[in-house]
Amino acid sequence: MTLALALPAGRSRPRRARGVLGPVGWTALVLVAAMVLLAALAPWLAPYPVDQQDLLHPYAGPSPAHWLGTDATGRDILSRLLWGARTSLGGPALVVALSLAVGLPTGLLAAWRGGLVDAALARVLDVVFAVPGILIAVLAVAVFEPGLTPAVLALAVAYLPYVARTTRAAARAQRDLPYVEALELQGMGGLRICVRHILPNILGVVLAQVPVAFALALVDLASLSFLGLAVQAPAADWGVLISDTSALLQGHPEQAVYAGLAIVTTVVALTFLGDRLTEGRPVARARKEKR
Amino acid sequence: MTVRELLRTVGAMCVSILAASFVVFASLYAAPGDAESVLFGSTTPTDEVRAAVRDQYRLDDPFLVRYVHWLGSVAHGDFGTSFVGGQSVATRLGATAPTTLALVGLAGLLLVVIGIALGVPMGLRPGRVDTVLTTVVAVVAGIPTFVSATLLIAVFAVGLGWFPAYGADGLRGLVLPALSLALVSSAMLARITRASVRAESGREYVTTARARGLPSRVVVARHILPNAAGPVITAGGLLVAALFAGAIVVENAFGIAGLGSLLVSSVNRQDFPTVQAISLLLVVVFVLTNTLVDLAARGLDPRQRRRAA
Amino acid sequence: MLTVSGLRKEFPGPRGSGTVAVAGLDLHLDRGECLAIVGESGSGKSTTARMIAGLLAPTAGRVVLDGHDVSRPARRRRDRLHRARLLQMVFQDPYASLDPRQSPGDALAEVLALHGVRDRAERTARVRELGEAVGLSARQLESRPAELSGGQRQRVAIARALAPRPPVIVLDEAVSALDVSIQAQVVNLLADVRAATDTAYLFITHDLAVVRQVADRVLVMRAGDVVEQGPVAQVLDRPAAPYTQRLRAAVPPRSDGARPGAVPHQVERNTPPCESS
Amino acid sequence: MTSPLLEIGDVVVDLPGRGTVLRDITLAMASGESLGLVGESGAGKSMLARAVAGLLPAGAARLGTIRFDGAPLSRSRTGRDGARRRLGMVFQDARAHLDPRQRIGDFLLETTPRRARPARLPEVLALLDRVGLAEPRRLLDRYPDQLSGGMLQRIMIASVVLADPALVLADEPTTALDVTTQAEVVAILDELRRERGTGLLFISHDLDLAAQLCDRIAVLYAGTVQEVAAAGALAADPRHPYTRALFAARPDIERRLPRLPAIAGHPVAAYESGAGCAFAPRCDRAVDACGTALPELVGTEHAVRCLVAAPPAPATRREGVTRC
């Protein structure tokens with residue numbers, strides 16, 4: 001899914017409300033936190049190992065033993081959902097972390113150096129940005145056998161421009177402000193100005209993009225697992241749980257519905273969180289002083 | 001848009017496509033699995049067969065020569081021969097591409113119509129209607145294609161039987177896939193359209209129009225919408241291009257024989273020539289659309305248009 | 001103290017139609033003197049200031065500060081710090097002159113540390129001293145810039161410019177964005193600072209009344225050229241160049257002195273519709 | 001006294017998220033009169049003009065009544081809004097207030113019904129020439145980004161005058177312009193207004209500019225009218241301490257003052273001011289009573305809202321030297 005579009009245009013508010021998240025924002029944050037917690041505690045919470053089969057009870061409905069029932073080969077759906085959460089949330093987290101680790105410095109460097117470096121980098125970022133993450137991942141998987149690592153690394157490359165472009169734009173806006181020029185005139189070096197002054201001022205804008213990037217990475221990774229190119233059996237993630245078409249055709253969509261619900265809830269919560277963070281942040285206020 | 005500027009943009013696009021093709025080719029060239037092991041699998045070929053095959057796939061030539069040769073042949077529409085079944089890649093592409101194009105075309109139409117039809121009213125009329133719609137659209141934007149595909153199959157194909165569930169062809173077979181493909185993208189376009197319309201409605205020149213007593217119908221039609229169109233067209237272009245990536249997922253979900261499912265099956269069978277060809281095609285589509293959208297956005301902006309006059 | 005000769009700046013335009021922002025300018029500034037550069041937008045006064053301060057590389061010309069040639073912006077750290085101790089700058093927009101996440105006190109401390117004031121206690125003392133010099137209380141020094149008014153922020157910017165004790169300070173429209181009552185406070189402050197530290201000012205403005213109040217000499221610029229220069233009294237009372245006269249006449253007369261409603265002069269035809277920059 | 005063109009009675013405006021921006025405004029204008037609204041940041045000058053024009057920001061609450069040409073004005077302007085038909089507005093930043101994709105000709109004729117546009121073209125061209133724009137015909141096909149700020153402001157004025165308004169609200173129309181352009185634009189505004197007997201509500205932070213253009217001047221501070229009088233009387237005999245301080249604090253192009261008599265503190269908005277007179281904390285003549293209750297606006301010809309205002313000075317003492 002192309003990333004260029006999911007960036008909601010930031011709208012400034014007359015006054016930055018202290019509780020910037022507001023009720024919707026907080027519920028979204030709680031939901032996301034709950035999902036992360038479930039994923040982290042999966043080994044202790046999951047009643048059964050991820051691949052323990054019980055061929056005697058395929059497609060069993062919800063029961064005290066299996067709260068959400070079992071799949072085609074009698075595996076406990078709840079356990080697979082919990083274990084799956086580790087990959088479906090851990091993967092995107094790694095993707096976003098890698099993108100930030102590389103994207104922030106790259107964006108800052110490009111904004112500060114300007115000139116040729118900036119133009120060349122902008123060009124590369126635009127091209128990589130135009131190619132959806134899924135295609136880059138599919139290509140990577142084709143090169144190094146299908147698996148989680150190539151998929152995550154490829155998505156990190158695909159999401160790098162997402163962070164780098166936002167960082168570069170925000171840093172370029174700060175770069176021209178008088179307070180940066182005043183620091184230059186004091187003799188302060190470029191690196192120190194970037195790290196101690198520009199970065200703290202743009203971190204808010206950049207981090208506001210993290211939830212949306214996380215959501216998109218989650219969708220891409222789950223899609224790859226759905227295509228059988230990321231998580232390989234017997235491991236499971238939410239994408240794999242939905243990919244079992246035969247169960248669907250035999251009229252047992254329960255597993256797909258639960259996994260689908262988990263994905264949609266997380267992604268929607270992340271999207272609302274991202275909206276609130278972006279809206280709460282005044283776009284660089286254009287001061288209309290007299291003359 | 002001066003001709004010089006046009007040439008510079010097209011030039012930049014060609015450079016990007018060339019660079020992308022190099023990356024695509026180089027990555028598959030560096031693939032750990034050697035082409036031979038894929039071609040011969042477990043059978044051990046005789047020396048002559050081995051030599052013939054190596055020559056046919058030019059495996060012994062240095063990397064750059066193979067790249068230039070590959071590029072030359074691609075330019076003539078010859079994508080080499082598939083590792084699987086010895087069929088020429090071009091014919092396999094020819095067989096599958098139309099389906100994908102039809103799917104993306106239908107989905108593209110749905111995307112633009114739904115996206116703008118929802119986005120504009122949401123942007124223009126704040127208040128309860130807008131908040132309800134915004135929430136619904138935000139939720140729909142959160143449903144990935146493979147989830148919506150599965151749900152649509154479960155309800156309309158398996159449940160109600162209105163549409164073929166799997167592996168269908170012809171128009172009826174494309175309705176559910178196109179809907180599933182367009183769903184999340186149209187929600188995104190609606191959000192972007194809403195944001196753009198809302199941003200323009202707050203601009204000073206709208207205040208002027210209202211201060212002059214122009215009816216709100218005129219203010220919207222002549223001032224807000226034309227100015228809001230720029231970002232919407234840019235986003236729309238990029239989203240339509242992205243449908244090709246979404247098609248990879250949808251075609252596999254519905255079992256449709258398109259470029260997407262061919263790509264995934266080629267990856268699983270390590271059929272590098274086919275993977276290379278499809279990847280190159282898709283990358284060219286994305287870079288092309290990105291450039292066209294950039295040109296369209298700049299062409300729409302009166303300032304740019306007039307600099308050439 | 002500051003000598004500028006043949007300063008020129010050309011901005012390359014599309015299809016070879018470059019624009020000349022500053023077309024060869026000479027000026028000198030003695031110790032403790034205040035030289036004003038006045039002109040309308042597009043006259044090149046700000047470009048001139050930015051070139052002298054080293055923020056913008058001139059196309060041609062030499063800038064000599066206290067005997068050092070500072071024509072090209074400094075690269076090496078030692079040069080940059082040395083340059084900082086010769087000249088500082090105060091900008092127009094008070095709201096963008098301070099790092100929003102840093103309190104004024106910390107900002108001043110950071111600058112002092114940069115210029116070798118290692119000892120923390122001495123630094124704190126110097127910060128309070130600078131604060132008092134510009135009329136800022138200890139509480140204001142510890143607050144966030146968002147809590148300060150435009151005038152107070154401009155005071156912090158002046159204190160920051162004074163920290164390295166430079167002999168020359170460039171003030172680029174430093175009081176233009178301030179309300180009347182605040183502008184008066186800052187103008188007085190600048191006069192006090194000059195009296196106390198004998199710092200020379202290069203004062204960029206479009207307001208002739210401010211020129212009268214603060215400057216010793218004035219240089220009138222139009223479209224990159226210097227049309228007139230000399231002592232303030234002579235240039236404002238007996239302007240020689242027609243452009244200066246037109247500038248002088250365009251300023252609304254003092255209402256507590258003149259008959260209200262008197263429109264100064266005839267409406268002149270505008271020049272044909274030109275390509276705006 | 002002819003029926004007043006504009007009556008503003010006890011108007012209060014509150015903004016969501018900020019609070020009161022207009023605390024208590026009572027003003028009136030006769031038809032054909034020009035009234036200057038002068039004040040510093042936060043005084044609420046622009047907000048008052050927007051309240052009259054019906055362009056208050058979303059969610060703003062307005063109390064009190066505003067009557068124009070005898071008819072009460074609704075809170076916000078909607079479409080035709082008959083009552084505001086003869087009300088024009090000129091803004092500070094002309095470039096931002098013009099649609100970048102619309103030609104100047106289309107902009108000027110937009111409010112004229114399509115059929116009547118060809119007939120009005122000569123009038124438009126004459127008006128463009130009248131506001132000092134050379135080759136008006138060529139101008140019609142141009143876009144705003146091709147013209148300078150000064151030219152755009154003249155086009156804005158022409159568009160307002162074209163609608164034959166009874167009152168023009170000008171919100172700091174020349175602040176963004178250079179001094180020479182400002183003088184020309186002010187002269188145009190003044191001539192056109194006098195010729196057509198149009199009322200002018202002129203907003204500025206520049207006392208002298210307002211005095212040059214307006215019959216009467218109202219001085220605003222923290223969303224309240226502090227003093228209102230004929231321009232000459234206000235300049236010759238300012239009674240409110242704030243007005244006097246404003247006149248004194250300005251640098252004088254004629255002569256250098258040893259020290260500018262500055263006012264301590266900084267201008268506050270209505271929501272930052274206490275119960276009593278908002279200027280009290282900065283006023284050197286303030287007494288305890290000033291802080292407790294908002295003084296009344298006393299007087300008709302020369303009204304002052306201050307407990308310790310200076311007494312009316314004898315007419316002769318302050319007669320300034322007239323100078324063209």
# chains A, B, ... in the order shown; residues from 1 in each chain; ligands from 1

call {"tool": "closest_atom_pairs", "arguments": {"of": "chain B", "to": "chain A", "cutoff": "8 Å", "atoms": "only C-alpha atoms", "output": "JSON lines"}}
result
{"residue": "B:Ser16", "atom": "CA", "partner": "A:Val127", "partner_atom": "CA", "distance": 6.8}
{"residue": "B:Val24", "atom": "CA", "partner": "A:Leu139", "partner_atom": "CA", "distance": 7.7}
{"residue": "B:Ser27", "atom": "CA", "partner": "A:Val143", "partner_atom": "CA", "distance": 6.6}
{"residue": "B:Leu28", "atom": "CA", "partner": "A:Val143", "partner_atom": "CA", "distance": 5.6}
{"residue": "B:Ala30", "atom": "CA", "partner": "A:Val143", "partner_atom": "CA", "distance": 7.5}
{"residue": "B:Ala31", "atom": "CA", "partner": "A:Val143", "partner_atom": "CA", "distance": 4.8}
{"residue": "B:Pro32", "atom": "CA", "partner": "A:Phe144", "partner_atom": "CA", "distance": 6.9}
{"residue": "B:Ala138", "atom": "CA", "partner": "A:Val268", "partner_atom": "CA", "distance": 6.6}
{"residue": "B:Val139", "atom": "CA", "partner": "A:Val268", "partner_atom": "CA", "distance": 5.6}
{"residue": "B:Ala141", "atom": "CA", "partner": "A:Val268", "partner_atom": "CA", "distance": 7.6}
{"residue": "B:Gly142", "atom": "CA", "partner": "A:Val268", "partner_atom": "CA", "distance": 5.0}
{"residue": "B:Ile143", "atom": "CA", "partner": "A:Val264", "partner_atom": "CA", "distance": 5.4}
{"residue": "B:Pro144", "atom": "CA", "partner": "A:Val219", "partner_atom": "CA", "distance": 6.1}
{"residue": "B:Phe146", "atom": "CA", "partner": "A:Ser223", "partner_atom": "CA", "distance": 6.6}
{"residue": "B:Val147", "atom": "CA", "partner": "A:Gly260", "partner_atom": "CA", "distance": 5.6}
{"residue": "B:Thr150", "atom": "CA", "partner": "A:Ala256", "partner_atom": "CA", "distance": 7.4}
{"residue": "B:Leu151", "atom": "CA", "partner": "A:Val257", "partner_atom": "CA", "distance": 7.5}
{"residue": "B:Ala154", "atom": "CA", "partner": "A:Leu248", "partner_atom": "CA", "distance": 6.5}
{"residue": "B:Val158", "atom": "CA", "partner": "A:Leu249", "partner_atom": "CA", "distance": 6.4}
{"residue": "B:Gly159", "atom": "CA", "partner": "A:Gly251", "partner_atom": "CA", "distance": 7.9}
{"residue": "B:Ala165", "atom": "CA", "partner": "A:Leu249", "partner_atom": "CA", "distance": 8.0}
{"residue": "B:Met188", "atom": "CA", "partner": "A:Ala6", "partner_atom": "CA", "distance": 6.5}
{"residue": "B:Leu189", "atom": "CA", "partner": "A:Leu5", "partner_atom": "CA", "distance": 7.6}
{"residue": "B:Arg191", "atom": "CA", "partner": "A:Pro8", "partner_atom": "CA", "distance": 7.3}
{"residue": "B:Ile192", "atom": "CA", "partner": "A:Pro8", "partner_atom": "CA", "distance": 6.4}
{"residue": "B:Ala195", "atom": "CA", "partner": "A:Ala9", "partner_atom": "CA", "distance": 6.0}
{"residue": "B:Ser196", "atom": "CA", "partner": "A:Ala9", "partner_atom": "CA", "distance": 7.4}
{"residue": "B:Ala199", "atom": "CA", "partner": "A:Arg11", "partner_atom": "CA", "distance": 7.6}
{"residue": "B:Ala235", "atom": "CA", "partner": "A:Leu5", "partner_atom": "CA", "distance": 5.8}
{"residue": "B:Leu238", "atom": "CA", "partner": "A:Thr2", "partner_atom": "CA", "distance": 7.1}
{"residue": "B:Leu239", "atom": "CA", "partner": "A:Thr2", "partner_atom": "CA", "distance": 6.7}
{"residue": "B:Ala242", "atom": "CA", "partner": "A:Thr2", "partner_atom": "CA", "distance": 5.6}
{"residue": "B:Leu243", "atom": "CA", "partner": "A:Met1", "partner_atom": "CA", "distance": 7.7}
{"residue": "B:Ala245", "atom": "CA", "partner": "A:Leu135", "partner_atom": "CA", "distance": 6.3}
{"residue": "B:Gly246", "atom": "CA", "partner": "A:Met1", "partner_atom": "CA", "distance": 6.6}
{"residue": "B:Val249", "atom": "CA", "partner": "A:Ser223", "partner_atom": "CA", "distance": 6.7}
{"residue": "B:Asn252", "atom": "CA", "partner": "A:Leu227", "partner_atom": "CA", "distance": 7.1}
{"residue": "B:Ala253", "atom": "CA", "partner": "A:Ser243", "partner_atom": "CA", "distance": 7.7}
{"residue": "B:Val264", "atom": "CA", "partner": "A:Leu227", "partner_atom": "CA", "distance": 7.4}
{"residue": "B:Val267", "atom": "CA", "partner": "A:Ala142", "partner_atom": "CA", "distance": 4.9}
{"residue": "B:Asn268", "atom": "CA", "partner": "A:Ala142", "partner_atom": "CA", "distance": 7.5}
{"residue": "B:Gln270", "atom": "CA", "partner": "A:Ala142", "partner_atom": "CA", "distance": 6.6}
{"residue": "B:Phe272", "atom": "CA", "partner": "A:Ala142", "partner_atom": "CA", "distance": 7.8}
{"residue": "B:Val275", "atom": "CA", "partner": "A:Ala142", "partner_atom": "CA", "distance": 7.6}
{"residue": "B:Ser279", "atom": "CA", "partner": "A:Leu139", "partner_atom": "CA", "distance": 7.2}
{"residue": "B:Val283", "atom": "CA", "partner": "A:Val131", "partner_atom": "CA", "distance": 6.5}
{"residue": "B:Phe286", "atom": "CA", "partner": "A:Val131", "partner_atom": "CA", "distance": 5.9}
{"residue": "B:Val287", "atom": "CA", "partner": "A:Ala130", "partner_atom": "CA", "distance": 6.4}
{"residue": "B:Asn290", "atom": "CA", "partner": "A:Ala130", "partner_atom": "CA", "distance": 6.3}

call {"tool": "closest_atom_pairs", "arguments": {"of": "chain C", "to": "chain A", "cutoff": "8 Å", "atoms": "only C-alpha atoms", "output": "tab-separated table"}}
result
residue	atom	partner	partner_atom	distance
C:Ala53	CA	A:Leu185	CA	7.7
C:Gly54	CA	A:Leu185	CA	7.8
C:Leu55	CA	A:Glu181	CA	7.5
C:Arg77	CA	A:Gly187	CA	6.9
C:Arg80	CA	A:Gly187	CA	4.4
C:Leu81	CA	A:Gly187	CA	4.5
C:His82	CA	A:Gly187	CA	7.8
C:Arg83	CA	A:Gly187	CA	7.3
C:Ala84	CA	A:Gln186	CA	4.9
C:Arg85	CA	A:Gln186	CA	7.9
C:Gln88	CA	A:Leu185	CA	6.5
C:Met89	CA	A:Ala182	CA	6.9
C:Val90	CA	A:Ala182	CA	7.7
C:Phe91	CA	A:Pro178	CA	6.4
C:Asp93	CA	A:Pro178	CA	7.7
C:Tyr95	CA	A:Arg287	CA	7.5
C:Ala96	CA	A:Pro178	CA	5.8
C:Ser97	CA	A:Tyr179	CA	4.3
C:Leu98	CA	A:Tyr179	CA	5.0
C:Asp99	CA	A:Tyr179	CA	5.9
C:Pro100	CA	A:Asn201	CA	7.7
C:Arg101	CA	A:Asn201	CA	7.1
C:Val111	CA	A:Gln186	CA	6.9
C:Leu114	CA	A:Met188	CA	7.4
C:Ser176	CA	A:Arg291	CA	6.7
C:Ala177	CA	A:Glu289	CA	5.6
C:Leu178	CA	A:Lys290	CA	7.4
C:Asp179	CA	A:Lys290	CA	7.9

call {"tool": "interface_residues", "arguments": {"of": "chain D", "to": "chain B", "cutoff": "10 Å", "atoms": "only C-alpha atoms", "output": "JSON, numbers by chain"}}
result
{"D": [50, 53, 54, 55, 57, 77, 78, 79, 80, 81, 82, 84, 85, 86, 87, 88, 89, 90, 91, 93, 94, 95, 96, 97, 98, 99, 100, 101, 102, 103, 107, 110, 111, 142, 143, 144, 145, 146, 156, 159, 160, 163]}

call {"tool": "residues_around", "arguments": {"residues": "Arg125 of chain B", "least_positions_apart": "5", "cutoff": "10 Å", "atoms": "only C-alpha atoms", "output": "PyMOL selection string"}}
result
chain B and resi 120+130-131+194+198

call {"tool": "closest_residue", "arguments": {"among": "B:Phe83, B:Glu5, B:Thr135, B:Val129", "to": "chain C", "atoms": "only C-alpha atoms"}}
result
B:Glu5

call {"tool": "interface_residues", "arguments": {"of": "chain D", "to": "chain C", "cutoff": "7 Å", "atoms": "only C-alpha atoms", "output": "PyMOL selection string"}}
result
chain D and resi 40-41+132-135+146-148+178-180+183-184+187-188+208-209+211-214+231-232+235-236+246+249-253+255-257+259-260+262-263+266+320-324

call {"tool": "closest_residue", "arguments": {"among": "D:Asp24, D:Asp141, D:Glu172, D:Glu123", "to": "chain A", "atoms": "only C-alpha atoms"}}
result
D:Glu172
